[in-house]
Each structure stands twice: as structure tokens, then as C-alpha cells.
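Structure file data-v9.txt (compact mmCIF, C-alpha atoms) follows.
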# COMPACT_ATOMS: atom_id res chain seq x y z
CA MET A 1 0.00 0.00 0.00
CA CYS A 2 2.90 2.32 0.65
CA LEU A 3 4.62 1.25 -2.53
CA GLY A 4 4.37 3.71 -5.35
CA ILE A 5 6.08 4.18 -8.65
CA PRO A 6 7.38 7.39 -10.18
CA GLY A 7 5.59 8.89 -13.13
CA LYS A 8 5.73 12.12 -15.12
CA ILE A 9 2.95 14.71 -15.01
CA ILE A 10 1.91 15.30 -18.63
CA GLU A 11 -1.36 17.23 -18.25
CA ILE A 12 -3.13 19.12 -15.45
CA TYR A 13 -6.86 19.85 -15.41
CA ASP A 14 -9.87 20.39 -13.16
CA ASN A 15 -12.46 17.70 -12.50
CA LEU A 16 -15.41 18.47 -10.16
CA GLY A 17 -13.35 21.10 -8.39
CA LEU A 18 -10.33 18.84 -7.88
CA ARG A 19 -6.95 19.49 -9.45
CA MET A 20 -6.22 16.34 -11.43
CA ALA A 21 -3.38 15.20 -13.68
CA LYS A 22 -2.53 12.63 -16.30
CA ILE A 23 0.58 10.76 -15.22
CA ASP A 24 2.80 8.85 -17.62
CA PHE A 25 4.30 5.74 -16.03
CA ASP A 26 6.76 4.76 -18.73
CA GLY A 27 4.03 4.64 -21.40
CA VAL A 28 1.03 3.75 -19.24
CA VAL A 29 -1.07 6.84 -18.55
CA ARG A 30 -3.27 7.07 -15.45
CA GLU A 31 -5.17 9.79 -13.67
CA ALA A 32 -4.06 11.11 -10.28
CA CYS A 33 -5.18 13.86 -7.96
CA LEU A 34 -2.87 16.84 -7.30
CA GLU A 35 -4.79 18.37 -4.36
CA THR A 36 -2.04 17.24 -1.99
CA LEU A 37 0.71 18.70 -4.18
CA PRO A 38 -0.28 22.26 -5.09
CA GLU A 39 3.18 23.17 -6.43
CA ALA A 40 3.23 20.33 -9.01
CA LYS A 41 3.55 21.30 -12.66
CA VAL A 42 3.68 19.57 -16.03
CA GLY A 43 7.02 17.81 -16.49
CA ASP A 44 7.53 17.03 -12.79
CA TYR A 45 8.13 13.45 -11.71
CA THR A 46 6.04 12.31 -8.79
CA ILE A 47 5.24 9.17 -6.82
CA ILE A 48 1.57 8.20 -6.79
CA HIS A 49 -0.18 6.53 -3.87
CA ALA A 50 -3.82 5.47 -4.00
CA GLY A 51 -4.41 7.84 -6.90
CA PHE A 52 -2.73 10.87 -5.32
CA ALA A 53 0.58 12.58 -6.07
CA LEU A 54 2.38 13.01 -2.78
CA ASN A 55 5.80 14.41 -3.68
CA ILE A 56 7.94 15.84 -6.44
CA LEU A 57 11.09 13.84 -7.10
CA SER A 58 14.25 15.89 -7.08
CA GLU A 59 16.49 15.06 -10.03
CA GLU A 60 19.31 17.06 -8.48
CA ASP A 61 19.20 15.00 -5.27
CA ALA A 62 18.88 11.74 -7.20
CA LEU A 63 21.98 12.49 -9.30
CA ALA A 64 24.02 13.73 -6.34
CA ASN A 65 23.11 10.62 -4.37
CA LEU A 66 24.07 8.30 -7.23
CA ALA A 67 27.38 10.12 -7.75
CA LEU A 68 28.19 9.78 -4.05
CA LEU A 69 27.46 6.05 -4.05
CA ARG A 70 29.48 5.45 -7.24
CA GLU A 71 32.44 7.28 -5.78
CA MET A 72 32.19 5.35 -2.53
CA ALA A 73 31.94 2.01 -4.36
CA ALA A 74 34.95 2.84 -6.56
CA LEU A 75 37.06 3.91 -3.58
CA GLY A 76 36.07 0.79 -1.66
CA ALA A 77 36.93 -1.48 -4.58
CA ALA A 78 40.36 0.17 -4.92
CA GLU A 79 40.91 -0.26 -1.18
CA ASP A 80 39.96 -3.94 -1.37
CA GLU A 81 42.39 -4.51 -4.25
CA SER A 82 45.30 -2.84 -2.47
CA GLU A 83 44.51 -4.86 0.68
CA ASP A 84 44.34 -8.09 -1.29
CA GLN A 85 47.76 -7.70 -2.86
CA PRO A 86 50.24 -7.75 0.06
CA SER A 87 48.67 -10.56 2.06
CA GLU A 88 45.81 -12.98 1.59
CA ASP A 89 45.13 -13.32 5.29
CA THR A 90 41.66 -14.74 5.88
CA SER A 91 38.57 -15.91 4.11
CA PRO A 92 35.31 -14.77 5.73
CA GLU A 93 34.65 -18.30 7.04
CA ALA A 94 37.99 -18.44 8.85
CA GLU A 95 37.00 -15.80 11.42
CA MET B 1 12.42 4.26 -16.38
CA ARG B 2 13.51 7.53 -14.80
CA PHE B 3 14.20 7.40 -11.06
CA VAL B 4 13.85 3.59 -11.06
CA THR B 5 16.39 1.77 -13.22
CA GLU B 6 19.31 3.82 -11.87
CA PHE B 7 18.40 2.61 -8.39
CA ARG B 8 18.36 -1.04 -9.48
CA ASP B 9 21.95 -0.99 -10.76
CA ALA B 10 23.21 -4.41 -9.61
CA GLU B 11 26.88 -3.46 -9.73
CA LEU B 12 26.34 -0.37 -7.61
CA VAL B 13 24.20 -2.35 -5.13
CA ARG B 14 27.09 -4.82 -4.82
CA GLY B 15 29.43 -1.87 -4.25
CA VAL B 16 27.28 -0.58 -1.39
CA ILE B 17 26.98 -4.08 0.12
CA ASP B 18 30.79 -4.39 -0.05
CA GLU B 19 31.02 -1.10 1.83
CA ILE B 20 28.64 -2.48 4.48
CA ARG B 21 30.91 -5.53 4.77
CA ARG B 22 33.95 -3.28 5.22
CA THR B 23 32.12 -1.18 7.84
CA VAL B 24 30.60 -3.83 10.07
CA THR B 25 32.66 -5.24 12.96
CA ARG B 26 29.99 -6.88 15.15
CA PRO B 27 26.37 -8.07 15.06
CA TRP B 28 23.55 -5.56 14.66
CA VAL B 29 19.79 -5.99 14.50
CA LEU B 30 18.00 -3.55 12.16
CA MET B 31 14.28 -3.26 11.58
CA GLU B 32 12.72 -2.13 8.33
CA ILE B 33 9.39 -0.72 9.40
CA CYS B 34 7.58 -0.95 6.11
CA GLY B 35 6.25 -4.23 4.74
CA GLY B 36 6.80 -2.98 1.20
CA GLN B 37 10.48 -2.82 2.06
CA THR B 38 10.38 -6.35 3.54
CA HIS B 39 9.11 -7.62 0.20
CA ALA B 40 11.65 -5.60 -1.81
CA ILE B 41 14.52 -6.87 0.38
CA MET B 42 13.50 -10.46 -0.30
CA ARG B 43 12.62 -9.98 -3.96
CA TYR B 44 16.14 -8.69 -4.64
CA GLY B 45 17.76 -11.14 -2.19
CA LEU B 46 19.40 -8.33 -0.20
CA ASP B 47 18.98 -10.28 3.05
CA GLN B 48 21.15 -13.02 1.52
CA LEU B 49 23.83 -10.63 0.24
CA LEU B 50 24.36 -8.88 3.57
CA PRO B 51 27.23 -9.92 5.84
CA PRO B 52 26.12 -12.37 8.54
CA GLU B 53 26.59 -9.77 11.30
CA ILE B 54 23.52 -7.90 10.07
CA GLU B 55 20.14 -9.28 10.99
CA LEU B 56 17.01 -7.69 9.53
CA VAL B 57 13.80 -8.01 11.49
CA HIS B 58 10.55 -7.06 9.88
CA GLY B 59 8.38 -4.34 11.30
CA PRO B 60 4.68 -3.68 11.65
CA GLY B 61 4.40 -1.41 8.60
CA CYS B 62 1.76 -3.45 6.87
CA PRO B 63 -1.55 -1.63 7.22
CA VAL B 64 -3.62 -4.67 6.36
CA CYS B 65 -1.74 -6.73 8.98
CA VAL B 66 -2.26 -4.35 11.88
CA THR B 67 -5.88 -3.43 11.20
CA PRO B 68 -7.53 -4.87 14.31
CA LEU B 69 -9.83 -7.84 14.04
CA GLU B 70 -12.79 -5.96 15.53
CA GLN B 71 -12.46 -3.36 12.76
CA ILE B 72 -12.57 -6.11 10.14
CA ASP B 73 -15.63 -7.62 11.80
CA ARG B 74 -17.21 -4.15 11.77
CA ALA B 75 -16.41 -3.90 8.05
CA LEU B 76 -18.03 -7.29 7.49
CA ALA B 77 -21.14 -6.26 9.45
CA ILE B 78 -21.47 -3.09 7.34
CA ALA B 79 -20.79 -4.89 4.05
CA ALA B 80 -23.53 -7.42 4.86
CA ARG B 81 -26.23 -4.73 4.77
CA PRO B 82 -28.27 -4.78 1.54
CA GLU B 83 -28.18 -0.99 1.06
CA VAL B 84 -24.37 -0.82 1.27
CA ILE B 85 -21.68 -0.79 -1.42
CA PHE B 86 -18.51 -1.49 0.57
CA CYS B 87 -15.27 -0.25 -1.01
CA SER B 88 -11.75 -1.24 -0.03
CA PHE B 89 -8.19 -1.46 -1.25
CA GLY B 90 -7.77 -4.96 -2.72
CA ASP B 91 -5.39 -6.29 -0.09
CA MET B 92 -8.04 -6.13 2.59
CA LEU B 93 -10.46 -8.54 0.94
CA ARG B 94 -8.82 -11.79 2.00
CA VAL B 95 -7.86 -10.75 5.52
CA PRO B 96 -9.64 -13.12 7.87
CA GLY B 97 -12.15 -11.67 10.30
CA SER B 98 -13.29 -13.83 13.19
CA GLN B 99 -15.84 -15.67 10.99
CA HIS B 100 -15.07 -14.90 7.36
CA ASP B 101 -13.54 -12.28 5.02
CA LEU B 102 -14.79 -9.65 2.57
CA PHE B 103 -14.16 -11.96 -0.41
CA SER B 104 -16.51 -14.61 0.93
CA MET B 105 -19.06 -11.89 1.72
CA ARG B 106 -18.89 -10.87 -1.92
CA ALA B 107 -19.33 -14.48 -3.02
CA ARG B 108 -22.51 -14.53 -0.92
CA GLY B 109 -23.89 -11.52 -2.76
CA ALA B 110 -22.65 -8.55 -0.72
CA GLN B 111 -21.64 -5.55 -2.82
CA VAL B 112 -17.91 -5.38 -2.10
CA ARG B 113 -15.83 -3.36 -4.55
CA VAL B 114 -12.07 -2.97 -4.87
CA VAL B 115 -11.03 0.61 -5.56
CA TYR B 116 -7.64 1.95 -6.59
CA SER B 117 -8.25 5.45 -5.26
CA PRO B 118 -10.68 6.56 -2.53
CA LEU B 119 -12.01 9.07 -5.07
CA ASP B 120 -13.37 6.07 -7.01
CA ALA B 121 -15.54 5.33 -3.96
CA VAL B 122 -16.82 8.93 -3.94
CA LYS B 123 -17.69 8.54 -7.62
CA LEU B 124 -19.65 5.37 -6.81
CA ALA B 125 -21.59 7.32 -4.18
CA GLN B 126 -22.47 9.97 -6.80
CA GLU B 127 -23.57 7.33 -9.29
CA ASN B 128 -25.62 5.36 -6.73
CA PRO B 129 -27.69 7.89 -4.77
CA ASP B 130 -30.02 5.16 -3.49
CA LYS B 131 -27.09 3.21 -1.94
CA GLN B 132 -24.83 3.85 1.03
CA VAL B 133 -21.20 3.78 -0.10
CA VAL B 134 -18.67 2.99 2.62
CA PHE B 135 -14.91 3.17 2.15
CA PHE B 136 -12.55 1.22 4.42
CA ALA B 137 -10.02 3.97 5.19
CA ILE B 138 -7.02 2.01 6.44
CA GLY B 139 -3.31 2.63 6.28
CA PHE B 140 -0.37 4.58 7.61
CA GLU B 141 0.47 8.22 6.97
CA THR B 142 0.95 7.54 3.23
CA THR B 143 -2.68 6.69 2.53
CA ALA B 144 -4.10 9.25 4.95
CA PRO B 145 -4.09 12.20 2.49
CA PRO B 146 -5.97 10.25 -0.23
CA ASN B 147 -8.42 8.83 2.29
CA VAL B 148 -9.27 12.15 3.91
CA MET B 149 -9.50 13.92 0.54
CA SER B 150 -12.37 11.56 -0.27
CA VAL B 151 -14.21 12.87 2.81
CA LEU B 152 -13.55 16.49 1.85
CA GLN B 153 -14.69 15.83 -1.71
CA ALA B 154 -17.87 14.07 -0.54
CA GLN B 155 -18.54 17.07 1.69
CA ALA B 156 -17.90 19.51 -1.16
CA LEU B 157 -20.30 17.58 -3.40
CA GLY B 158 -22.93 17.46 -0.64
CA LEU B 159 -23.07 13.66 -0.68
CA LYS B 160 -25.13 12.19 2.17
CA ASN B 161 -24.55 8.57 1.18
CA TYR B 162 -20.76 8.41 1.64
CA SER B 163 -18.97 7.42 4.82
CA VAL B 164 -15.61 5.98 5.88
CA LEU B 165 -14.70 3.22 8.31
CA VAL B 166 -11.43 4.64 9.62
CA SER B 167 -8.58 2.46 10.84
CA HIS B 168 -5.59 4.75 10.45
CA VAL B 169 -2.28 4.15 12.23
CA ARG B 170 0.94 6.15 12.59
CA VAL B 171 4.57 5.04 12.54
CA PRO B 172 6.17 7.04 15.42
CA PRO B 173 3.97 5.57 18.20
CA ALA B 174 4.70 2.07 16.85
CA MET B 175 8.44 2.79 17.08
CA HIS B 176 7.95 3.82 20.70
CA ALA B 177 6.01 0.61 21.38
CA ILE B 178 8.69 -1.58 19.77
CA LEU B 179 11.68 0.16 21.37
CA GLY B 180 10.01 0.37 24.79
CA ALA B 181 8.91 -3.29 24.88
CA PRO B 182 10.76 -5.62 27.25
CA GLY B 183 13.02 -7.87 25.18
CA ASN B 184 13.31 -5.42 22.29
CA ARG B 185 16.13 -6.45 19.94
CA VAL B 186 16.03 -3.55 17.47
CA GLN B 187 19.21 -1.43 17.44
CA GLY B 188 18.62 0.63 14.30
CA PHE B 189 15.66 1.54 12.11
CA LEU B 190 15.10 1.91 8.40
CA ALA B 191 12.29 4.47 8.40
CA ALA B 192 9.59 3.99 5.77
CA GLY B 193 10.44 6.31 2.88
CA HIS B 194 6.97 6.92 1.59
CA VAL B 195 5.51 7.64 5.02
CA CYS B 196 8.27 10.26 5.22
CA THR B 197 7.34 11.78 1.83
CA VAL B 198 4.16 12.89 3.58
CA MET B 199 5.29 13.45 7.18
CA GLY B 200 8.96 14.32 6.70
CA TYR B 201 11.30 12.99 9.36
CA HIS B 202 11.21 15.67 12.04
CA GLU B 203 9.28 13.29 14.33
CA TYR B 204 12.18 10.82 14.51
CA PRO B 205 15.14 12.61 16.18
CA PRO B 206 13.45 12.64 19.62
CA ILE B 207 12.73 8.90 19.30
CA ALA B 208 16.31 8.18 18.20
CA GLN B 209 17.64 10.15 21.18
CA GLN B 210 15.24 8.66 23.74
CA TYR B 211 16.21 5.07 22.91
CA GLY B 212 19.73 5.60 21.54
CA VAL B 213 18.74 4.11 18.19
CA PRO B 214 19.89 5.54 14.83
CA VAL B 215 17.39 5.89 12.00
CA ALA B 216 17.88 6.06 8.23
CA VAL B 217 15.00 7.22 6.04
CA THR B 218 14.99 4.56 3.33
CA GLY B 219 13.40 4.08 -0.09
CA PHE B 220 12.18 1.00 -1.90
CA GLU B 221 14.61 0.22 -4.71
CA PRO B 222 17.50 -2.17 -3.97
CA LEU B 223 20.07 0.63 -4.01
CA ASP B 224 17.92 2.70 -1.63
CA LEU B 225 17.63 -0.22 0.77
CA ALA B 226 21.35 -1.01 0.63
CA GLN B 227 22.15 2.65 1.28
CA GLY B 228 19.70 2.82 4.20
CA ILE B 229 21.35 -0.23 5.75
CA LEU B 230 24.84 1.22 5.16
CA LEU B 231 23.98 4.56 6.81
CA THR B 232 22.44 2.79 9.81
CA VAL B 233 25.40 0.42 10.22
CA ARG B 234 27.85 3.31 9.94
CA MET B 235 26.01 5.21 12.70
CA LEU B 236 25.87 2.10 14.89
CA GLU B 237 29.58 1.38 14.44
CA LYS B 238 30.50 4.98 15.29
CA GLY B 239 28.05 5.19 18.20
CA GLN B 240 26.17 8.02 16.47
CA VAL B 241 22.51 8.48 17.30
CA GLU B 242 21.11 10.47 14.41
CA VAL B 243 18.43 10.46 11.78
CA GLN B 244 19.90 10.44 8.26
CA ASN B 245 18.16 10.55 4.91
CA ALA B 246 19.01 7.78 2.44
CA TYR B 247 16.09 8.76 0.19
CA PRO B 248 16.82 12.44 -0.55
CA ARG B 249 15.21 12.49 -4.01
CA ALA B 250 11.79 11.84 -2.45
CA VAL B 251 11.92 12.95 1.18
CA THR B 252 12.49 16.29 2.86
CA TYR B 253 12.83 16.98 6.59
CA GLU B 254 9.50 18.82 6.72
CA GLY B 255 7.59 16.49 4.40
CA ASN B 256 4.57 17.52 2.37
CA ARG B 257 3.01 20.37 4.36
CA ALA B 258 -0.09 20.61 2.16
CA ALA B 259 -0.81 16.91 2.70
CA GLN B 260 -0.22 17.24 6.45
CA ALA B 261 -2.65 20.17 6.61
CA ILE B 262 -5.35 18.13 4.86
CA ILE B 263 -4.81 15.23 7.27
CA HIS B 264 -5.04 17.43 10.36
CA LYS B 265 -8.14 19.17 9.06
CA VAL B 266 -10.06 15.88 9.06
CA LEU B 267 -8.29 13.52 11.49
CA GLN B 268 -7.09 13.73 15.09
CA PRO B 269 -4.81 11.39 17.08
CA ILE B 270 -6.62 8.65 19.00
CA ASP B 271 -5.69 5.44 20.84
CA ARG B 272 -5.73 2.53 18.41
CA ASN B 273 -5.61 -1.25 18.73
CA TRP B 274 -3.00 -2.91 16.50
CA ARG B 275 -3.81 -6.44 15.43
CA GLY B 276 -1.52 -8.87 17.21
CA ILE B 277 0.14 -6.10 19.24
CA GLY B 278 -2.66 -4.52 21.25
CA LEU B 279 -3.51 -0.97 22.22
CA ILE B 280 -0.87 1.67 21.49
CA PRO B 281 -1.73 5.07 22.99
CA GLN B 282 -2.32 7.88 20.47
CA SER B 283 -1.13 5.57 17.70
CA GLY B 284 -3.97 6.13 15.32
CA TRP B 285 -6.08 8.76 13.67
CA GLY B 286 -9.84 9.05 13.89
CA LEU B 287 -12.29 11.53 12.37
CA ARG B 288 -12.56 14.90 14.08
CA PRO B 289 -16.00 15.51 15.65
CA GLU B 290 -16.95 17.98 12.90
CA PHE B 291 -16.68 15.12 10.37
CA SER B 292 -18.68 12.59 12.44
CA ASP B 293 -21.43 12.63 9.80
CA PHE B 294 -18.99 10.69 7.61
CA ASP B 295 -18.17 8.12 10.31
CA ALA B 296 -19.42 4.69 9.19
CA GLU B 297 -18.98 3.28 12.71
CA LYS B 298 -21.63 5.71 13.96
CA ARG B 299 -23.84 5.60 10.89
CA PHE B 300 -24.20 1.82 11.04
CA ASP B 301 -23.82 1.44 14.83
CA VAL B 302 -21.03 -1.18 14.75
CA GLY B 303 -18.77 0.35 17.41
CA HIS B 304 -19.76 -2.29 19.97
CA ILE B 305 -18.35 -5.28 18.01
CA GLN B 306 -15.46 -6.92 19.90
CA THR B 307 -13.56 -10.07 18.99
CA GLN B 308 -10.94 -12.72 19.84
CA GLU B 309 -7.82 -13.62 17.85
CA SER B 310 -6.83 -17.09 16.60
CA PRO B 311 -4.71 -18.65 19.39
CA VAL B 312 -2.38 -20.29 16.83
CA CYS B 313 -1.23 -17.20 14.90
CA ILE B 314 1.92 -15.49 16.25
CA ALA B 315 1.49 -12.38 14.05
CA GLY B 316 1.96 -10.05 17.02
CA GLN B 317 5.41 -11.41 17.82
CA ILE B 318 6.37 -11.24 14.14
CA LEU B 319 5.13 -7.65 13.75
CA GLN B 320 7.23 -6.55 16.73
CA GLY B 321 10.39 -8.27 15.49
CA PHE B 322 10.52 -10.95 18.23
CA LYS B 323 10.05 -13.87 15.85
CA LYS B 324 10.49 -14.66 12.16
CA PRO B 325 7.59 -16.10 10.15
CA ASN B 326 9.38 -19.43 9.65
CA GLN B 327 9.51 -19.86 13.43
CA CYS B 328 5.72 -20.20 13.52
CA PRO B 329 4.45 -23.82 13.63
CA ALA B 330 1.57 -22.91 11.32
CA PHE B 331 3.81 -21.26 8.67
CA GLY B 332 3.40 -23.00 5.31
CA THR B 333 1.36 -25.81 6.88
CA THR B 334 -2.03 -24.70 8.20
CA CYS B 335 -1.29 -21.08 7.25
CA LYS B 336 -0.69 -20.31 3.56
CA PRO B 337 -1.63 -17.37 1.32
CA GLU B 338 -4.70 -19.27 0.07
CA HIS B 339 -5.84 -20.09 3.64
CA PRO B 340 -4.28 -17.50 5.92
CA LEU B 341 -4.67 -17.67 9.70
CA GLY B 342 -3.30 -14.18 10.13
CA ALA B 343 -3.08 -11.02 8.08
CA PRO B 344 0.73 -11.03 7.49
CA MET B 345 0.24 -14.12 5.28
CA VAL B 346 -2.33 -12.29 3.15
CA SER B 347 -0.91 -8.95 2.37
CA ALA B 348 1.56 -7.99 -0.36
CA GLU B 349 3.26 -6.16 2.52
CA GLY B 350 3.07 -8.94 5.11
CA ALA B 351 6.28 -10.54 6.39
CA CYS B 352 4.79 -14.08 6.34
CA SER B 353 3.73 -13.68 2.73
CA ALA B 354 7.24 -12.42 1.84
CA PHE B 355 8.86 -15.45 3.52
CA TYR B 356 6.42 -17.82 1.79
CA ARG B 357 6.74 -16.20 -1.63
CA TYR B 358 10.53 -15.94 -1.65
CA GLY B 359 11.24 -19.27 0.06
CA ARG B 360 12.89 -18.05 3.27
Kindly present the structure from the file in C-alpha cells form.
Amino acid sequence: MCLGIPGKIIEIYDNLGLRMAKIDFDGVVREACLETLPEAKVGDYTIIHAGFALNILSEEDALANLALLREMAALGAAEDESEDQPSEDTSPEAE
Amino acid sequence: MRFVTEFRDAELVRGVIDEIRRTVTRPWVLMEICGGQTHAIMRYGLDQLLPPEIELVHGPGCPVCVTPLEQIDRALAIAARPEVIFCSFGDMLRVPGSQHDLFSMRARGAQVRVVYSPLDAVKLAQENPDKQVVFFAIGFETTAPPNVMSVLQAQALGLKNYSVLVSHVRVPPAMHAILGAPGNRVQGFLAAGHVCTVMGYHEYPPIAQQYGVPVAVTGFEPLDLAQGILLTVRMLEKGQVEVQNAYPRAVTYEGNRAAQAIIHKVLQPIDRNWRGIGLIPQSGWGLRPEFSDFDAEKRFDVGHIQTQESPVCIAGQILQGFKKPNQCPAFGTTCKPEHPLGAPMVSAEGACSAFYRYGR
């Protein structure tokens, strides 16, 4: 129930006094309500729960987060390699 | 798919898991609160990739699982009435009440409908003025804004034939109940990312401080989960008690203020029974008095219904992280998804269903 997938807002309109939107989920278009996300605009990516858009996804934060993780993984891999070379002390099972 | 495939990058997930392995020096018990995360962890096999020092226990964040039995029996009593069209999220239909479930009510002719959005239930009320349409408003903070918007919309449209059976619960009181219970094993929390999209995470630092337990706000893709675990393990290893955000693309500290305002307009904190766990003070939301006209419990006079749980099911111990589903004698024998004894075997967010489905 708390799962939700990101989709792109492609159209905003009014229906019976509610601010509604068409959301494109990678080709599948569904309707969602924007009443809980007044700042949303066409082109924003949002996660939909029970037919409502609850947040705008930040591309900037997503990219910064990915860059941080890639850097960390690369540094860690380099560290593992340099540790492996001088001595092959223990396998995990040997502890 | 934008914002999805990047966070399923297997190589990067392995990189983060390697970093967890390099970080961990001793055993830690972490709890993921949300049942959606339990399923994602098992679907991607993250529990099997983690170093053996890290034990994940599965929290109560499955709305269907914690909806109390008496509330399900009240739903069944309302759904049985000939003038009622009873609407619910699909997961709820097979959850056993004390006698039967909503599915079997439907098979016997009751009008039970599955809706995707609570607004679909409002639409049904508009289209069926001679019927009473009742929506089963269950869930955590994530489903609260949609559920209460249906009440506001019914009010705006002047509908007299729409009401909600409310069974809303909140995460922070459940964390207090788990951390304060004698025998608690949880040392770090993965906070439920989508609850935090609505509520933010300003409610968690006092809890972290009170119990000395670090918290990482965590998303639902494998990379999000691995990162949430890494941040929590790092804090534990350093003795830091903080709340960190491993889901920054979707969650801010304050959360969605507009959604919070809508919730507080319609709902107020109340004591709530959690199925298998018992009463947790101020752990739920109920309708404010000014919205009592929309309260199905009052409209159909079902508030008096009380019930008894199956003595076999150990759902309560599972939901609090004391036991794993495969430690239950009924697991996979007398209790299966087709014939569940307890709600965690039914729901797509239940820990028992995750263990059964992914062969743990």
C-alpha cells in the first residue's frame, strides 16, 4: 500500500473542483489527484499513492546521491584490491 | 524508467553491500518498518547478500496486517447490509475476520468493490444515490491524504450517502512501542520512505535520542535499501545516534506540508488497537468531531463489536520483530496465502507472505 512508482505529469486539469493530472508511467497513462501537491507542474516526476501525487522527485538530489554512491563504491573497490595484494590473510569463514 | 532503473543498478548495489561488509565489525539488528520494504529486500535477495553480522527483522508497517480484528468484523457487518456498497483497497479482501472475510461476503452476494483510489468510492456514491457507499479507510500516513481527501470531496459535493470506516495508524507511536517493549532487539531503524514523503522525518530525532537508536530514512529500490542499511550500520559502528536521509530524491525533513494540513483538518490522534500487538496510545487517527457525519462506525452502529484472535497465529510477535515467520508452527502448513490464519500471510506487505513467496 505504501509502494508507489514514479511517473511524469503530462497534463493538469480540473475535475469536479479537484486538481487532477494525467501521469505517464513509462508509457502507461493514469489519472491522479494533485490536491495534496499544489506546487506540481507539467514535467515534474512524482510518486503516486492510491491515486494521489504526494511528492515531487528531485532530479538534483537523485543524481548527487548516485554520484556519491558510485564514488564510494569505486574507492572501496580500490581499497579492497590494495589490501588483497600484500597478504591474503583470511577468508570470511575463517573468522 | 527515470528514477527507477538507476536505483536497481546491480553493480552499484554490490558496491554498497561491499562497503557495508567493510564497515561492520559486530552483530547488529535492524528493523525495516515498512512491509513494502520487507518484500523488496527479499525480492532482490538483499537479506542473503548482507554480511552475517547484520540481521534484519521485519516491522509492523503493513496496514492490512495491523488493522484490528474488531475493525474487520465491523467492516463485514457493514458490508452485509443490503443498502451498502462497501469499497476497499484490494489487499483487505482476503484478511480473515473472526468468521469470514470480505471476499466470501462478496461471493454470498454482498456488494464489495475494490477501488484503486478513494475518489473512485466517492464517484460510486455519486452514481448510486439510493445506496450507502462505505470506504474502508485504512493505512499509515501515506494513505491518509488520499483517504481524507475523499471525505472532503464528498462534503464539497454534498453527498449524504458516503462514509468511511477509519482504521488509520501512525509510525512514530509504533516505534515507541517496539523500542520500549521488554526484550526489544532492534538497534537501528530503516524508516519507511513513503511515510516520510508525507510526514517528513522531524518526528524521529526525539525517538532516536530517547532510545539511543539511529534511524535512516529509506526508499524502496535495492540501491535505496542497501544505502539505508549502510547509513544505519555506519552510525551504529560509530556510536552516532542520528536520523539520516538515504532517500533524498523523495523525502524532505519537513515532508509535504499541504498533505499534512489536509490530514489534520479531518483527522485527530486517537488510541488505536493494533492487530496482534494490542492498544498503542495515540497511535492512530480518527475523524474529528466535525466530520462525524462521515463516520461509518456511527452511521451503522457497529462500534460495539469486539472479537478474539486465533490462538495459533503469532502475528503479534512477528510484527514486533521478536520472531520470524518461519519460526511459527503454522507457517506453510495450516497457514498459507490461500488459507491465511493471520493477516501477514495475506498482504503484499506482510512478512509471512514475503517469507512464503521468496522461500525463506
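Atom CA of Arg288 of chain B lies 5.7 Å from atom CA of Val266 of chain B.
Counting from atom CA of Gly350 of chain B, the distance to atom CA of Asp120 of chain B is 25.3 Å.
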Could you please select, counting only C-alpha atoms, the residues of chain B within 7 Å of chain A and state them as an MDAnalysis selection string? chainID B and resid 1 3 12 15:16 19 36 116:117 142:143 146 194 197:198 248:250 256 258:259
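Atom CA of Ala110 of chain B lies 28.5 Å from atom CA of Ala156 of chain B.
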List the spatial neighbours of Ile277 of chain B as an MDAnalysis selection string - criterion: any atom at most 8 Å away, all atoms listed in the file, same-chain residues fewer than 6 positions off excluded. chainID B and resid 66 316:317 319:320
Mind checking which residues fall within 10 Å of Arg357 of chain B, counting only C-alpha atoms, ignoring those fewer than 6 positions away in the same chain, and posting them as a list in words? His39, Met42, Arg43, Lys336, Pro337, Met345, Ala348 and Ala351 of chain B
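Each of B:Glu55, B:Asp293, B:Asp224, B:Asp271 was checked against Lys324 of chain B using all atoms listed in the file; the smallest atom-to-atom distance is that of B:Glu55.
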Return the single residue from B:Val64, B:Glu254, B:Leu230, B:Ser167 that is closest to Tyr204 of chain B, with distances computed using all atoms listed in the file. B:Glu254
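Closest to Thr23 of chain B among B:Thr333, B:Gln209, B:Gln282, B:Thr232 is B:Thr232, based on all atoms listed in the file.
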Which residues are near Gly35 of chain B? Cut-off 6 Å, only C-alpha atoms, ignore same chain within fewer than 5 positions. Put them as a ChimeraX atom specification. /B:61-62,349-350
Can you pull out the residues contacting Ser88 of chain B? Cut-off 6 Å, using all atoms listed in the file, and skip same-chain residues under 4 positions away; I want them as a PyMOL selection string. chain B and resi 114-115+135-136
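Between Ile229 of chain B and the residues B:Ile318, B:Ala246, B:Cys313, B:Val133, the shortest atom-to-atom distance, using all atoms listed in the file, involves B:Ala246.
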Return the single residue from A:Ile23, A:Glu83, A:Asn15, A:Leu68 that is closest to Val42 of chain A, with distances computed using all atoms listed in the file. A:Ile23
